[in-house]
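Visitor: Provided below: upload22.txt, containing compact mmCIF, C-alpha atoms.
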# COMPACT_ATOMS: atom_id res chain seq x y z
CA MET Y 1 36.60 2.41 8.44
CA GLU Y 2 39.09 4.93 9.80
CA SER Y 3 37.84 7.93 11.73
CA ASN Y 4 38.09 11.30 9.94
CA SER Y 5 38.81 9.61 6.59
CA ILE Y 6 35.86 10.70 4.40
CA ASP Y 7 35.48 14.13 2.78
CA SER Y 8 31.70 14.15 2.28
CA ILE Y 9 28.57 12.03 2.67
CA VAL Y 10 26.01 12.13 -0.17
CA THR Y 11 23.22 9.63 0.36
CA ASP Y 12 19.57 8.76 -0.21
CA PRO Y 13 18.49 6.65 2.79
CA PRO Y 14 15.11 4.90 3.14
CA TYR Y 15 12.22 7.26 3.81
CA GLU Y 16 10.66 4.70 6.19
CA LEU Y 17 7.33 4.62 4.34
CA GLY Y 18 7.25 0.96 3.30
CA PHE Y 19 7.52 2.13 -0.32
CA MET Y 20 6.24 -0.51 -2.77
CA GLY Y 21 5.97 -3.00 0.07
CA LYS Y 22 9.74 -3.03 0.60
CA ALA Y 23 10.86 -4.17 4.06
CA TRP Y 24 14.07 -2.12 3.80
CA ASP Y 25 11.94 1.04 3.73
CA ARG Y 26 10.40 0.46 7.15
CA THR Y 27 13.26 -0.68 9.41
CA GLY Y 28 13.83 2.68 11.14
CA ILE Y 29 17.50 2.78 10.06
CA SER Y 30 17.16 6.41 8.89
CA TYR Y 31 16.25 7.43 12.45
CA ASN Y 32 18.95 5.25 14.03
CA VAL Y 33 21.29 7.45 16.06
CA GLY Y 34 23.90 4.68 16.19
CA MET Y 35 24.10 4.55 12.39
CA TRP Y 36 24.48 8.33 12.06
CA LYS Y 37 27.07 8.26 14.85
CA GLU Y 38 29.24 6.03 12.64
CA VAL Y 39 28.70 8.36 9.67
CA PHE Y 40 29.77 11.25 11.92
CA ARG Y 41 32.86 9.35 13.08
CA VAL Y 42 34.30 8.59 9.63
CA LEU Y 43 33.64 12.10 8.25
CA LYS Y 44 36.46 14.64 8.48
CA PRO Y 45 35.93 17.71 10.72
CA GLY Y 46 34.10 20.32 8.65
CA GLY Y 47 32.87 17.67 6.21
CA PHE Y 48 29.36 18.02 4.82
CA LEU Y 49 26.48 15.55 4.80
CA LEU Y 50 23.71 15.70 2.16
CA SER Y 51 20.90 13.27 2.94
CA PHE Y 52 17.58 12.99 1.10
CA GLY Y 53 14.39 12.57 3.08
CA GLY Y 54 10.67 12.11 2.56
CA THR Y 55 8.32 15.01 3.25
CA ARG Y 56 6.47 12.96 5.90
CA THR Y 57 9.53 11.61 7.70
CA TYR Y 58 12.35 14.11 7.02
CA HIS Y 59 12.07 15.65 10.48
CA ARG Y 60 12.87 12.39 12.27
CA MET Y 61 15.92 11.76 10.10
CA ALA Y 62 17.15 15.34 10.60
CA CYS Y 63 16.70 15.06 14.37
CA ALA Y 64 18.82 11.90 14.46
CA VAL Y 65 21.51 13.62 12.38
CA GLU Y 66 21.52 16.58 14.76
CA ASP Y 67 21.50 14.38 17.87
CA VAL Y 68 24.90 12.82 17.02
CA GLY Y 69 26.56 16.24 16.78
CA PHE Y 70 26.06 17.47 13.21
CA GLU Y 71 25.27 21.15 12.66
CA ILE Y 72 22.19 21.55 10.43
CA ARG Y 73 23.33 24.16 7.92
CA ASP Y 74 20.41 24.25 5.48
CA MET Y 75 17.74 22.26 3.68
CA VAL Y 76 17.95 21.90 -0.10
CA GLU Y 77 14.67 21.37 -1.97
CA TRP Y 78 14.65 19.00 -4.97
CA MET Y 79 11.57 19.81 -7.08
CA TYR Y 80 10.30 17.53 -9.83
CA GLY Y 81 7.23 16.92 -11.96
CA SER Y 82 7.26 13.13 -12.19
CA GLY Y 83 5.57 12.29 -8.88
CA PHE Y 84 2.25 10.43 -8.96
CA PRO Y 85 -0.35 10.97 -6.20
CA LYS Y 86 -1.08 7.81 -4.22
CA SER Y 87 -4.48 9.05 -3.16
CA LEU Y 88 -7.66 7.10 -2.47
CA ASN Y 89 -10.70 8.39 -4.37
CA ILE Y 90 -13.02 8.54 -1.36
CA GLY Y 91 -16.17 9.21 -3.39
CA LYS Y 92 -15.50 6.19 -5.59
CA ALA Y 93 -14.72 4.00 -2.58
CA ILE Y 94 -17.97 5.02 -0.86
CA ASP Y 95 -19.98 4.35 -4.03
CA LYS Y 96 -18.50 0.86 -4.22
CA LEU Y 97 -19.20 0.28 -0.52
CA GLN Y 98 -22.82 1.35 -0.87
CA GLY Y 99 -23.37 -0.14 -4.32
CA ASN Y 100 -24.05 3.26 -5.90
CA GLU Y 101 -23.98 3.61 -9.67
CA ARG Y 102 -21.48 6.11 -11.12
CA GLU Y 103 -22.10 8.22 -14.20
CA VAL Y 104 -19.67 7.82 -17.12
CA ILE Y 105 -18.76 11.38 -18.14
CA GLY Y 106 -16.01 10.69 -20.65
CA GLU Y 107 -12.83 8.78 -21.18
CA LYS Y 108 -9.13 9.24 -20.60
CA LYS Y 109 -6.23 7.94 -22.66
CA LEU Y 110 -3.09 6.13 -21.66
CA TRP Y 111 -0.21 6.52 -24.10
CA GLY Y 112 2.94 4.56 -24.81
CA HIS Y 113 4.26 1.04 -25.14
CA ASN Y 114 2.99 -0.05 -21.73
CA ALA Y 115 -0.52 1.39 -22.00
CA GLY Y 116 -2.01 -2.04 -22.58
CA SER Y 117 -0.92 -3.17 -19.12
CA GLY Y 118 -2.10 0.06 -17.50
CA ALA Y 119 1.44 1.41 -17.09
CA GLY Y 120 1.26 4.10 -19.76
CA SER Y 121 1.49 7.83 -19.24
CA PHE Y 122 -1.45 10.25 -19.20
CA SER Y 123 0.78 12.68 -21.13
CA LYS Y 124 0.82 12.35 -24.91
CA ASN Y 125 3.87 14.62 -25.10
CA GLU Y 126 5.98 12.10 -23.20
CA TYR Y 127 5.47 9.60 -26.01
CA GLU Y 128 5.38 11.98 -28.98
CA GLY Y 129 6.84 10.33 -32.05
CA GLN Y 130 6.74 6.83 -30.55
CA THR Y 131 4.58 4.02 -31.77
CA GLY Y 132 2.63 2.48 -28.96
CA ILE Y 133 -0.73 1.38 -27.71
CA VAL Y 134 -3.39 3.91 -26.84
CA ARG Y 135 -5.74 2.67 -24.15
CA LEU Y 136 -9.06 4.28 -23.28
CA GLU Y 137 -10.38 4.25 -19.73
CA PRO Y 138 -13.80 5.53 -18.60
CA LEU Y 139 -14.03 8.68 -16.48
CA THR Y 140 -16.80 8.41 -13.93
CA LYS Y 141 -18.47 10.73 -11.46
CA GLY Y 142 -20.61 9.95 -8.43
CA ASN Y 143 -23.23 11.94 -6.53
CA SER Y 144 -21.88 11.35 -3.03
CA GLU Y 145 -21.07 14.40 -0.89
CA TRP Y 146 -17.52 12.99 -0.72
CA GLU Y 147 -17.01 13.03 -4.49
CA GLY Y 148 -13.75 14.80 -5.26
CA TRP Y 149 -12.21 14.05 -1.86
CA GLY Y 150 -8.93 12.13 -1.55
CA THR Y 151 -6.22 11.25 0.94
CA ALA Y 152 -2.91 12.60 -0.44
CA LEU Y 153 -1.23 15.39 -2.38
CA LYS Y 154 0.83 14.88 -5.53
CA PRO Y 155 4.51 14.55 -4.53
CA ALA Y 156 6.54 17.31 -6.17
CA HIS Y 157 9.59 17.78 -3.96
CA GLU Y 158 12.00 16.02 -1.62
CA PRO Y 159 13.97 17.79 1.11
CA ILE Y 160 17.72 17.22 1.43
CA CYS Y 161 19.29 17.69 4.85
CA MET Y 162 22.51 19.71 4.59
CA ALA Y 163 24.62 19.25 7.73
CA ARG Y 164 28.26 19.76 8.69
CA LYS Y 165 30.50 18.04 11.19
CA PRO Y 166 31.85 20.72 13.57
CA LEU Y 167 35.25 22.19 12.77
CA SER Y 168 38.25 20.95 14.73
CA GLU Y 169 40.15 24.20 14.16
CA LYS Y 170 39.30 27.72 15.30
CA THR Y 171 38.34 29.08 11.89
CA VAL Y 172 36.99 27.73 8.59
CA ALA Y 173 40.18 28.82 6.84
CA GLU Y 174 42.38 26.88 9.28
CA ASN Y 175 40.13 23.82 9.04
CA VAL Y 176 40.23 23.89 5.23
CA LEU Y 177 44.02 24.10 5.26
CA LYS Y 178 44.32 21.13 7.64
CA TRP Y 179 41.54 18.82 6.46
CA GLY Y 180 40.41 20.18 3.08
CA THR Y 181 36.85 20.41 4.41
CA GLY Y 182 34.60 23.07 5.89
CA GLY Y 183 33.29 24.97 2.89
CA ILE Y 184 31.08 24.44 -0.14
CA ASN Y 185 32.11 24.83 -3.77
CA VAL Y 186 30.19 28.00 -4.63
CA ASP Y 187 31.92 28.89 -7.90
CA GLY Y 188 31.85 25.28 -9.09
CA CYS Y 189 28.07 25.13 -8.65
CA ARG Y 190 26.94 28.50 -9.96
CA VAL Y 191 23.87 28.55 -12.20
CA GLU Y 192 24.99 29.24 -15.76
CA HIS Y 193 23.18 31.68 -18.02
CA ASP Y 194 23.71 33.58 -21.27
CA GLU Y 195 21.81 36.79 -20.44
CA ASP Y 196 23.04 40.32 -21.01
CA LEU Y 197 23.05 41.62 -17.46
CA SER Y 198 24.41 45.08 -18.15
CA ILE Y 199 22.41 48.05 -16.84
CA GLU Y 200 22.07 51.63 -18.05
CA ARG Y 201 22.55 54.38 -15.48
CA ALA Y 202 22.76 58.13 -16.12
CA GLY Y 203 23.40 57.53 -19.78
CA LYS Y 204 26.27 55.13 -19.06
CA THR Y 205 26.24 51.38 -19.53
CA LEU Y 206 27.54 49.48 -16.52
CA ASP Y 207 28.43 45.83 -16.90
CA THR Y 208 27.30 43.97 -13.80
CA ARG Y 209 30.03 41.42 -14.50
CA ASP Y 210 32.53 43.99 -13.24
CA GLN Y 211 30.48 45.34 -10.35
CA GLY Y 212 30.71 42.44 -7.92
CA TRP Y 213 27.26 41.06 -8.70
CA GLY Y 214 28.69 37.56 -9.02
CA PHE Y 215 27.36 36.93 -12.51
CA LYS Y 216 29.07 35.30 -15.44
CA GLY Y 217 31.78 37.54 -16.81
CA VAL Y 218 35.41 37.99 -17.76
CA SER Y 219 36.44 39.73 -14.56
CA ARG Y 220 35.25 36.87 -12.33
CA GLY Y 221 35.92 33.97 -14.66
CA ASN Y 222 33.16 31.89 -16.26
CA GLN Y 223 30.72 32.50 -13.41
CA GLY Y 224 26.97 32.23 -13.03
CA ARG Y 225 24.33 32.97 -10.43
CA PHE Y 226 25.00 32.10 -6.80
CA PRO Y 227 23.83 28.53 -6.00
CA ALA Y 228 20.56 28.40 -4.06
CA ASN Y 229 18.92 25.92 -1.72
CA LEU Y 230 16.44 24.92 -4.43
CA ILE Y 231 17.03 22.63 -7.43
CA HIS Y 232 14.46 21.66 -10.08
CA ASP Y 233 14.18 19.25 -12.99
CA GLY Y 234 12.95 21.67 -15.66
CA SER Y 235 9.77 19.66 -16.29
CA ASP Y 236 6.63 21.42 -17.56
CA GLU Y 237 4.84 20.81 -14.25
CA VAL Y 238 7.62 22.48 -12.28
CA MET Y 239 8.17 25.36 -14.71
CA GLU Y 240 4.50 26.31 -14.36
CA LEU Y 241 5.06 26.91 -10.64
CA PHE Y 242 7.53 29.74 -11.25
CA PRO Y 243 6.30 33.26 -12.03
CA ASN Y 244 7.45 35.17 -15.10
CA THR Y 245 9.36 38.24 -13.91
CA LYS Y 246 8.94 41.55 -15.67
CA SER Y 247 11.43 44.19 -16.79
CA GLY Y 248 13.62 45.77 -14.14
CA GLU Y 249 12.95 49.35 -15.28
CA MET Y 250 12.42 51.88 -12.48
CA ASN Y 251 8.87 52.50 -11.28
CA SER Y 252 7.10 55.85 -11.77
CA VAL Y 253 8.02 57.18 -8.30
CA ALA Y 254 11.70 56.44 -8.78
CA LYS Y 255 11.61 57.96 -12.27
CA ALA Y 256 10.11 61.19 -10.92
CA ARG Y 257 12.91 61.57 -8.38
CA GLN Y 258 15.71 60.32 -10.63
CA TYR Y 259 18.24 60.71 -7.85
CA ASN Y 260 20.21 58.32 -5.67
CA THR Y 261 19.20 58.27 -2.02
CA TYR Y 262 22.74 57.80 -0.78
CA GLY Y 263 26.14 58.71 -2.15
CA LYS Y 264 26.77 60.89 -5.16
CA MET Y 265 23.66 62.77 -6.30
CA TYR Y 266 23.23 62.41 -10.04
CA LYS Y 267 20.31 61.82 -12.34
CA ARG Y 268 19.79 58.22 -13.27
CA ARG Y 269 17.59 55.94 -15.30
CA VAL Y 270 18.07 52.26 -14.57
CA THR Y 271 16.89 49.48 -16.87
CA ASN Y 272 17.81 45.82 -16.93
CA PRO Y 273 16.56 44.16 -20.13
CA ALA Y 274 17.64 40.72 -18.89
CA SER Y 275 15.29 40.68 -15.91
CA GLU Y 276 12.38 39.23 -17.88
CA GLY Y 277 11.51 35.54 -18.01
CA SER Y 278 10.75 32.58 -15.80
CA ALA Y 279 12.11 32.79 -12.26
CA ALA Y 280 13.18 29.15 -12.69
CA ARG Y 281 16.35 30.45 -14.36
CA PHE Y 282 17.67 31.54 -10.96
CA PHE Y 283 18.01 27.92 -9.82
CA TYR Y 284 20.02 24.93 -10.98
CA CYS Y 285 18.16 22.62 -13.35
CA ALA Y 286 19.11 18.93 -13.10
CA LYS Y 287 17.46 17.21 -16.03
CA ALA Y 288 17.42 13.42 -16.13
CA SER Y 289 18.40 11.54 -19.27
CA LYS Y 290 15.90 8.88 -20.34
CA SER Y 291 18.72 6.39 -21.00
CA GLU Y 292 20.87 6.95 -17.91
CA ARG Y 293 18.90 4.61 -15.67
CA GLU Y 294 19.70 1.54 -17.79
CA ALA Y 295 23.21 2.52 -18.95
CA GLY Y 296 25.73 -0.18 -18.07
CA CYS Y 297 23.02 -2.69 -17.05
CA GLU Y 298 22.27 -4.09 -20.51
CA ASP Y 299 23.81 -7.48 -19.63
CA LEU Y 300 21.49 -7.89 -16.65
CA GLU Y 301 18.19 -9.69 -17.10
CA LYS Y 302 15.08 -7.52 -17.23
CA ARG Y 303 13.18 -7.89 -13.95
CA PHE Y 304 10.02 -6.57 -12.34
CA VAL Y 305 10.12 -4.39 -9.26
CA ARG Y 306 8.94 -6.94 -6.70
CA ARG Y 307 7.31 -6.65 -3.33
CA ASP Y 308 8.83 -8.59 -0.45
CA ASP Y 309 6.11 -11.19 -0.89
CA GLY Y 310 7.52 -11.89 -4.37
CA GLN Y 311 4.57 -10.36 -6.22
CA PRO Y 312 5.84 -8.19 -9.09
CA PHE Y 313 4.24 -4.85 -9.77
CA GLY Y 314 2.67 -5.24 -13.19
CA MET Y 315 1.10 -8.70 -12.98
CA ASN Y 316 -2.62 -8.90 -13.61
CA THR Y 317 -3.19 -10.66 -10.29
CA ASN Y 318 -2.06 -7.52 -8.52
CA GLN Y 319 -3.45 -4.90 -10.89
CA TYR Y 320 -6.30 -3.60 -8.73
CA ARG Y 321 -6.34 -2.14 -5.24
CA PRO Y 322 -8.92 -3.24 -2.64
CA ASP Y 323 -11.03 -0.15 -3.39
CA GLY Y 324 -11.27 -1.10 -7.07
CA SER Y 325 -8.92 1.60 -8.37
CA GLU Y 326 -6.30 0.43 -10.84
CA ARG Y 327 -2.61 0.17 -10.03
CA LYS Y 328 -0.10 1.62 -12.46
CA PRO Y 329 2.33 -1.31 -12.72
CA ILE Y 330 6.01 -0.86 -13.49
CA PRO Y 331 7.26 -2.80 -16.53
CA PRO Y 332 10.34 -5.04 -16.21
CA ARG Y 333 13.70 -3.38 -16.80
CA HIS Y 334 17.43 -3.99 -16.41
CA ASN Y 335 17.71 -1.54 -13.52
CA ASN Y 336 14.66 -2.46 -11.47
CA HIS Y 337 15.56 -0.42 -8.38
CA PRO Y 338 12.43 1.52 -7.38
CA THR Y 339 14.13 4.77 -6.29
CA VAL Y 340 16.72 6.07 -8.77
CA LYS Y 341 17.92 9.68 -8.62
CA PRO Y 342 19.01 11.64 -11.74
CA ILE Y 343 22.78 11.58 -12.30
CA ALA Y 344 22.85 15.32 -13.10
CA LEU Y 345 21.36 16.02 -9.67
CA MET Y 346 23.84 13.76 -7.87
CA ARG Y 347 26.81 15.22 -9.78
CA TYR Y 348 25.80 18.69 -8.68
CA LEU Y 349 25.42 17.65 -5.04
CA CYS Y 350 28.74 15.76 -5.02
CA ARG Y 351 30.51 18.76 -6.53
CA LEU Y 352 28.90 21.16 -4.07
CA VAL Y 353 30.29 19.57 -0.89
CA THR Y 354 33.38 17.57 -1.92
CA PRO Y 355 36.93 18.97 -2.30
CA PRO Y 356 38.84 18.09 -5.50
CA GLY Y 357 39.84 14.41 -5.52
CA GLY Y 358 37.98 13.84 -2.24
CA ALA Y 359 36.34 10.64 -1.03
CA ILE Y 360 32.53 10.38 -0.94
CA LEU Y 361 30.68 7.83 1.18
CA ASP Y 362 27.14 6.66 0.42
CA PRO Y 363 25.90 4.33 3.20
CA PHE Y 364 22.72 3.57 1.18
CA MET Y 365 24.12 3.08 -2.32
CA GLY Y 366 21.05 1.51 -3.97
CA SER Y 367 21.53 1.35 -7.74
CA GLY Y 368 24.64 3.55 -7.57
CA SER Y 369 23.59 6.99 -8.86
CA THR Y 370 25.91 8.70 -6.36
CA GLY Y 371 28.77 6.42 -7.42
CA VAL Y 372 28.24 7.18 -11.11
CA ALA Y 373 28.14 10.90 -10.29
CA ALA Y 374 31.28 10.72 -8.13
CA GLU Y 375 33.20 8.90 -10.86
CA LEU Y 376 32.14 11.42 -13.52
CA GLU Y 377 33.24 14.29 -11.26
CA GLY Y 378 36.64 12.71 -10.51
CA PHE Y 379 35.98 11.84 -6.85
CA ARG Y 380 36.77 8.63 -5.01
CA PHE Y 381 33.72 6.68 -3.89
CA ILE Y 382 32.73 4.14 -1.25
CA GLY Y 383 29.23 2.72 -1.44
CA ILE Y 384 27.45 0.38 0.97
CA ASP Y 385 24.26 -1.59 0.40
CA GLN Y 386 22.70 -4.70 1.90
CA ASP Y 387 21.12 -5.88 -1.37
CA LYS Y 388 23.33 -7.98 -3.70
CA GLU Y 389 20.97 -7.34 -6.64
CA ALA Y 390 21.25 -3.57 -6.17
CA PHE Y 391 25.03 -3.94 -5.82
CA ASP Y 392 25.26 -5.69 -9.22
CA ILE Y 393 23.20 -2.91 -10.81
CA ALA Y 394 25.47 -0.27 -9.25
CA CYS Y 395 28.59 -2.06 -10.51
CA GLY Y 396 27.21 -2.16 -14.03
CA ARG Y 397 26.29 1.50 -14.00
CA MET Y 398 29.62 2.63 -12.55
CA ALA Y 399 31.54 0.53 -15.08
CA GLY Y 400 29.54 2.27 -17.84
CA GLY Y 401 28.99 -0.97 -19.72
CA LYS Y 402 32.72 -1.86 -19.74
CA GLU Y 403 33.47 -5.56 -19.33
CA GLU Y 404 35.91 -4.92 -16.49
CA LYS Y 405 34.01 -3.89 -13.36
CA THR Y 406 35.69 -1.48 -10.96
CA CYS Y 407 33.64 -2.51 -7.92
CA THR Y 408 34.65 -4.89 -5.19
CA MET Y 409 32.33 -6.37 -2.61
CA THR Y 410 33.17 -6.97 1.03
CA VAL Y 411 30.95 -9.37 2.95
For the structure just supplied, provide its representation as structure tokens.
Guide:
Amino acid sequence: MESNSIDSIVTDPPYELGFMGKAWDRTGISYNVGMWKEVFRVLKPGGFLLSFGGTRTYHRMACAVEDVGFEIRDMVEWMYGSGFPKSLNIGKAIDKLQGNEREVIGEKKLWGHNAGSGAGSFSKNEYEGQTGIVRLEPLTKGNSEWEGWGTALKPAHEPICMARKPLSEKTVAENVLKWGTGGINVDGCRVEHDEDLSIERAGKTLDTRDQGWGFKGVSRGNQGRFPANLIHDGSDEVMELFPNTKSGEMNSVAKARQYNTYGKMYKRRVTNPASEGSAARFFYCAKASKSEREAGCEDLEKRFVRRDDGQPFGMNTNQYRPDGSERKPIPPRHNNHPTVKPIALMRYLCRLVTPPGGAILDPFMGSGSTGVAAELEGFRFIGIDQDKEAFDIACGRMAGGKEEKTCTMTV
């Protein structure tokens, strides 16, 4: 590939954790300075890199990115509620080791079509209105001093490294004029809202849309809140993490004074009726569609997610872990890639760092979520992956189910 030919890099490299027994997730490629050196070379001066990382290994990936010459500009947090804790129940493991009996204290339900195989959800709401199997499992409790202890937290976020190749020109403005890169698309990624953000001061109503606050309004076009370095999926689990903010009316001390500290001295009473609600509204919400994962892959055979030893997750022979706890197998599907990002999230990230009509490179294409996002946003896209099966899935998704595929493969 030509040097200085790519406008942005948006990618989701391996987290180097050996996820689901996959060999490609423990090669060390994400820490490979030589690989990131090539990414640096093909990116235009001022071009941005957005690279996902795992919470345990992000630092090593970010260090490699920085070592080749990138400037680390920020870290974007992607928060979600779908993560499942891969934690060992230490009390249960000790009871099994010592042959201790455990008390049955109740039962839990698995809902949905895959409950019979142990792959159902613990949430009834996720399967509301669907007909499916309900499976009951016993809840047990031991008397060991280690009862209630585990080995891991529930995953709820992934960090995204935001880095920029140094400018070749003296200023950002000059670099943008020469290369089209160097900045981020702030107005194109504002957080939309429909709140009345006017405030009342000294008996007058001031519309914050015309006061440089950067909110949605006529004077500044169809704007929203300034994009932040946090994105969430709007799930119930995530929404519960955000506090509910109260009214913005002045406190008692300010009311007693009723004067400005600086500038013109006039009585005032400030209220902001729109400042009540969940603080989640200040951040972009990238909700995933339930059908987007399989879209365009209907012609592909349904397959299990398989380990490198060929054992599919979901077979009875591999249903239990060595400690006796049950695995939650993944049912077969058309798109059987184990790590698929929401298209809404990838569209937002592509739009944030890519100039209009620009070219995006994804060196770890996987099932093609970045490619689908790039196509929907009107960008050019180059994707690279070592797995022919993943490549076929990506082609199907990017073609959107059309018979004519737009992908070509270079060996």
Visitor: Tell me which protein, DNA and RNA residues are within 12 Å of Y:Thr57, counting only C-alpha atoms, leaving out same-chain ones fewer than 2 positions away, and put them as a PyMOL selection string.
Guide: chain Y and resi 13-18+25-26+28+30-31+52-55+59-64+158-161
Visitor: One number please: atom CA of Y:His232 to atom CA of Y:Met79, in Å, one decimal.
Guide: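 Pair atom CA of Y:His232 / atom CA of Y:Met79 returns 4.6 Å.
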Visitor: Rank Y:Phe364, Y:Tyr80, Y:Tyr348, Y:Trp36 by their smallest atom-to-atom distance to Y:Val68, using only C-alpha atoms, and report the top residue only.
Guide: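 Ranking Y:Phe364, Y:Tyr80, Y:Tyr348, Y:Trp36 by distance to Y:Val68, first place goes to Y:Trp36.
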Visitor: When you draw a straight line from atom CA of Y:Ser51 to atom CA of Y:Arg73, how long is it in Å?
Guide: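 Atom-to-atom, atom CA of Y:Ser51 to atom CA of Y:Arg73, that is 12.2 Å.
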Visitor: Find the residues near stretch 238-244 of chain Y: any atom within 8 Å, counting all atoms listed in the file, skip ones fewer than 2 places away on the same chain, and give them as a list of chain:residue names.
Guide: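 Those residues are Y:Met79, Y:Tyr80, Y:Gly81, Y:His232, Y:Asp233, Y:Gly234, Y:Ser235, Y:Asp236, Y:Lys246, Y:Glu276, Y:Gly277, Y:Ser278, Y:Ala279, Y:Ala280.
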